[in-house]
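A quick write-up on the structure given underneath.
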Amino acid sequence: MITLLENSLGSLSAIFDGRPELLLLFVVGGTLLACVVPLLMLRKPTIGTGEAKEGYEEYPPDLVILHQFDRPRTLNVPGFSPSCLKLETYLRMTGTPYVIKTALPGKGPKKKLPFIIVDGKTIPDSQLCLWYLRDHGIVQFDIDAHLNAEERAVAEAMRYMAEERLGWVSAYERWGINANFPAVIQHMLSAIPVPLRHILAYIARRGSRQALWSQGVGRYTHEELKQFAFEVLDSLSEFLGDKPYMMGDRPSSLDCSVFANIIAWSPRWGLNNSRNFSEMIVGSYLLEKDNLVDYIERITTEFYPEFCNETVVSDEEEEE
């Protein structure tokens, strides 16, 4: 055991060579992490409107319990995870009562967020959740009911394009570019106490960069990724045209995915914009698409009205 401990400390010393303060932070923070993180998971779940509700076990079985990341505290946005935001938007668009329970990915059946618990069943993955809620009649109404077979096929292809292209490029901007990492720590992990925030950030970053490389997006140059993202934004803008929603006058599940995956670059609500990131791939290109900017504003105003003010927590307030 002693030999194992010495080898482990030796490896850590090599990693943090020349930075003893980081080694100390890692060791002390890691110890605190094992004690404090479970307590963070015990926070009160909240109703979709933000109202606290006691007694997790006392929820009616047909109430959707949405497990996702905590709300950001430094920016006035519903969330930073496209998958979580997609599912919550679907619940709001369908008028389905739900409760938010803060969680970390390790709590999920696939070690990912979001997941839901409803009728005593645990359903992972945002798209699997969406299909389950629809097919079992848990949502108030099917927001895709007005689409014919051909329109559903088009919507499914558009959803996949938005999620697989834009979602990964956004993730690369956050986790794959060194210059943007301070903003990720400050905003995405703002709900975690400062001593633990940096430890979790480096752990999450390592896992995210491995995922980016395995998926393939981490192997491309910035210019190549820019071309991928620009093509998708051009296609979405062209397809939307002057319609209020992607598939016409009424929202559909496609809007949940598109909204969740382009809000990252919103000049007002996004994280991946020039106010926060010093090095961007997509940058201000979204601003050239007036209909997409209006589209983000429209959905936010209609389905997330509590986030339509400009109040945010300042850096000074957060440190206090």
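Scheme for the structure tokens: letters A, B, ... for chains in order shown; per-chain residue numbers from 1; ligand numbers from 1 in order shown.
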
### Task
Assign secondary structure with DSSP using the backbone only, and return the residues of segment 83-242 of chain A in strand (DSSP E or B) as a VMD selection string.
chain A and resid 98 to 102 115 to 118 121 to 124

Please report, as CSV, each residue of segment 136-248 of chain A lying at most 12 Å from segment 280-294 of chain A, together with the nearest pair of atoms and the separation in Å rounded to one decimal; use only C-alpha atoms, and order rows by chain and ascending residue number.
residue,atom,partner,partner_atom,distance
A:Arg165,CA,A:Val282,CA,11.9
A:Leu166,CA,A:Val282,CA,9.5
A:Gly167,CA,A:Val282,CA,11.9
A:Trp168,CA,A:Ile281,CA,11.7
A:Val169,CA,A:Ile281,CA,8.0
A:Ser170,CA,A:Val282,CA,8.4
A:Ala171,CA,A:Ile281,CA,10.9
A:Tyr172,CA,A:Ile281,CA,8.9
A:Glu173,CA,A:Met280,CA,6.3
A:Arg174,CA,A:Met280,CA,9.0
A:Trp175,CA,A:Met280,CA,11.6
A:Gly176,CA,A:Met280,CA,10.7
A:Ile177,CA,A:Met280,CA,8.4
A:Asn178,CA,A:Met280,CA,10.9
A:Ala179,CA,A:Met280,CA,9.3
A:Asn180,CA,A:Met280,CA,8.2
A:Phe181,CA,A:Met280,CA,11.7
A:Tyr220,CA,A:Ile281,CA,11.7
A:Thr221,CA,A:Ile281,CA,9.8
A:His222,CA,A:Ile281,CA,6.2
A:Glu223,CA,A:Ile281,CA,7.7
A:Glu224,CA,A:Ile281,CA,9.5
A:Leu225,CA,A:Ile281,CA,7.2
A:Lys226,CA,A:Ile281,CA,5.6
A:Gln227,CA,A:Val282,CA,9.0
A:Phe228,CA,A:Val282,CA,9.7
A:Ala229,CA,A:Val282,CA,6.8
A:Phe230,CA,A:Val282,CA,7.2
A:Glu231,CA,A:Val282,CA,10.9
A:Val232,CA,A:Leu286,CA,10.8
A:Leu233,CA,A:Leu286,CA,7.3
A:Asp234,CA,A:Lys289,CA,8.1
A:Ser235,CA,A:Lys289,CA,10.7
A:Leu236,CA,A:Leu292,CA,8.0
A:Ser237,CA,A:Leu292,CA,6.1
A:Glu238,CA,A:Asn291,CA,9.1
A:Phe239,CA,A:Asn291,CA,10.4
A:Leu240,CA,A:Asn291,CA,7.5
A:Gly241,CA,A:Asn291,CA,7.0
A:Asp242,CA,A:Asn291,CA,7.0
A:Lys243,CA,A:Asn291,CA,8.7
A:Pro244,CA,A:Asp294,CA,8.8
A:Tyr245,CA,A:Leu292,CA,10.0
A:Met246,CA,A:Leu292,CA,10.1

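In this model, the gap between atom CA of Gln140 of chain A and atom CA of Thr94 of chain A comes to 5.7 Å.
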
### Query
Can you list, as a list in words, every protein, DNA or RNA residue that comes within 7 Å of segment 107-114 of chain A when you count only C-alpha atoms, leaving out same-chain residues fewer than 6 positions away?
His67, Gln68, Ser83, Cys84, Pro124, Asp125 and Ser126 of chain A

### Query
Where does DSSP see alpha helix (DSSP H) in segment 100-278 of chain A, if you list the residues as a VMD selection string?
chain A and resid 126 to 135 149 to 161 167 to 175 181 to 183 194 to 215 222 to 240 253 to 262

### Near-segment 141-154 of chain A list (9 Å; only C-alpha atoms; drop same-chain fewer than 5 positions) as a PyMOL selection string
chain A and resi 90+93-96+134+159+247+250-254

Mind dumping the selected residues with all heavy atoms as a compact mmCIF listing (two decimals), in the first residue's frame?
# COMPACT_ATOMS: atom_id res chain seq x y z
N TYR A 90 -38.55 20.40 -24.88
CA TYR A 90 -39.63 19.52 -25.31
C TYR A 90 -40.72 19.44 -24.24
O TYR A 90 -41.91 19.50 -24.55
CB TYR A 90 -39.07 18.13 -25.61
CG TYR A 90 -40.11 17.13 -26.07
CD1 TYR A 90 -40.61 17.18 -27.37
CD2 TYR A 90 -40.60 16.15 -25.21
CE1 TYR A 90 -41.57 16.26 -27.80
CE2 TYR A 90 -41.56 15.23 -25.63
CZ TYR A 90 -42.04 15.30 -26.93
OH TYR A 90 -42.98 14.41 -27.35
N MET A 93 -42.57 22.76 -24.36
CA MET A 93 -43.39 22.92 -25.56
C MET A 93 -44.64 22.06 -25.52
O MET A 93 -45.68 22.43 -26.08
CB MET A 93 -42.57 22.59 -26.81
CG MET A 93 -41.59 23.68 -27.22
SD MET A 93 -40.80 23.28 -28.81
CE MET A 93 -39.88 24.81 -29.11
N THR A 94 -44.55 20.91 -24.86
CA THR A 94 -45.70 20.01 -24.77
C THR A 94 -46.55 20.27 -23.53
O THR A 94 -47.54 19.58 -23.29
CB THR A 94 -45.24 18.54 -24.75
OG1 THR A 94 -44.34 18.34 -23.66
CG2 THR A 94 -44.55 18.18 -26.06
N GLY A 95 -46.15 21.24 -22.71
CA GLY A 95 -46.91 21.56 -21.51
C GLY A 95 -46.92 20.45 -20.48
O GLY A 95 -47.89 20.30 -19.72
N THR A 96 -45.87 19.66 -20.45
CA THR A 96 -45.80 18.50 -19.55
C THR A 96 -45.21 18.89 -18.20
O THR A 96 -44.10 19.43 -18.15
CB THR A 96 -44.93 17.39 -20.18
OG1 THR A 96 -45.45 17.07 -21.48
CG2 THR A 96 -44.92 16.15 -19.30
N ARG A 134 -43.51 10.52 -25.61
CA ARG A 134 -44.51 10.61 -26.67
C ARG A 134 -45.28 9.31 -26.83
O ARG A 134 -46.51 9.30 -26.87
CB ARG A 134 -43.80 10.96 -27.99
CG ARG A 134 -44.73 11.07 -29.22
CD ARG A 134 -43.92 10.98 -30.50
NE ARG A 134 -43.28 9.66 -30.64
CZ ARG A 134 -42.36 9.38 -31.57
NH1 ARG A 134 -41.94 10.32 -32.41
NH2 ARG A 134 -41.84 8.16 -31.64
N ARG A 159 -32.63 17.19 -37.57
CA ARG A 159 -32.24 17.02 -36.16
C ARG A 159 -30.86 16.41 -36.05
O ARG A 159 -30.01 16.88 -35.29
CB ARG A 159 -33.26 16.12 -35.45
CG ARG A 159 -32.88 15.82 -33.99
CD ARG A 159 -33.76 14.75 -33.38
NE ARG A 159 -33.51 13.42 -33.91
CZ ARG A 159 -32.51 12.64 -33.51
NH1 ARG A 159 -31.64 13.07 -32.59
NH2 ARG A 159 -32.36 11.43 -34.02
N MET A 247 -40.58 23.79 -38.97
CA MET A 247 -41.50 23.04 -39.81
C MET A 247 -42.78 23.80 -40.11
O MET A 247 -43.75 23.21 -40.60
CB MET A 247 -41.82 21.69 -39.15
CG MET A 247 -40.62 20.79 -38.92
SD MET A 247 -39.65 20.45 -40.42
CE MET A 247 -40.84 19.55 -41.43
N ARG A 250 -46.15 26.08 -36.38
CA ARG A 250 -46.21 25.50 -35.05
C ARG A 250 -44.88 24.82 -34.71
O ARG A 250 -44.22 24.28 -35.60
CB ARG A 250 -47.34 24.47 -34.96
CG ARG A 250 -48.73 25.09 -34.92
CD ARG A 250 -49.79 24.02 -34.74
NE ARG A 250 -50.05 23.29 -35.97
CZ ARG A 250 -50.85 22.22 -36.06
NH1 ARG A 250 -51.44 21.76 -34.97
NH2 ARG A 250 -51.03 21.63 -37.21
N PRO A 251 -44.50 24.84 -33.45
CA PRO A 251 -43.25 24.19 -33.07
C PRO A 251 -43.34 22.68 -33.18
O PRO A 251 -44.43 22.10 -33.07
CB PRO A 251 -43.04 24.63 -31.61
CG PRO A 251 -44.40 24.96 -31.11
CD PRO A 251 -45.15 25.50 -32.30
N SER A 252 -42.21 22.04 -33.39
CA SER A 252 -42.11 20.59 -33.44
C SER A 252 -40.89 20.17 -32.64
O SER A 252 -40.12 21.01 -32.15
CB SER A 252 -41.99 20.10 -34.89
OG SER A 252 -40.74 20.51 -35.45
N SER A 253 -40.69 18.87 -32.50
CA SER A 253 -39.54 18.39 -31.75
C SER A 253 -38.23 18.80 -32.41
O SER A 253 -37.19 18.88 -31.74
CB SER A 253 -39.60 16.87 -31.58
OG SER A 253 -39.59 16.22 -32.84
N LEU A 254 -38.25 19.05 -33.71
CA LEU A 254 -37.04 19.53 -34.38
C LEU A 254 -36.58 20.85 -33.78
O LEU A 254 -35.37 21.09 -33.62
CB LEU A 254 -37.31 19.70 -35.89
CG LEU A 254 -36.18 20.37 -36.69
CD1 LEU A 254 -34.88 19.58 -36.59
CD2 LEU A 254 -36.61 20.54 -38.15

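Between atom CA of Leu104 of chain A and atom CA of Ile192 of chain A there is a distance of 11.4 Å.
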
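Residue nearest Ile262 of chain A, chosen from A:Ala211, A:Ala183, A:Met161, A:Ile199 and counting only C-alpha atoms: A:Met161.
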
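Across A:Asn272, A:Phe303, A:Thr122, A:Leu87, the tightest approach to Val184 of chain A is made by A:Asn272 when counting only C-alpha atoms.
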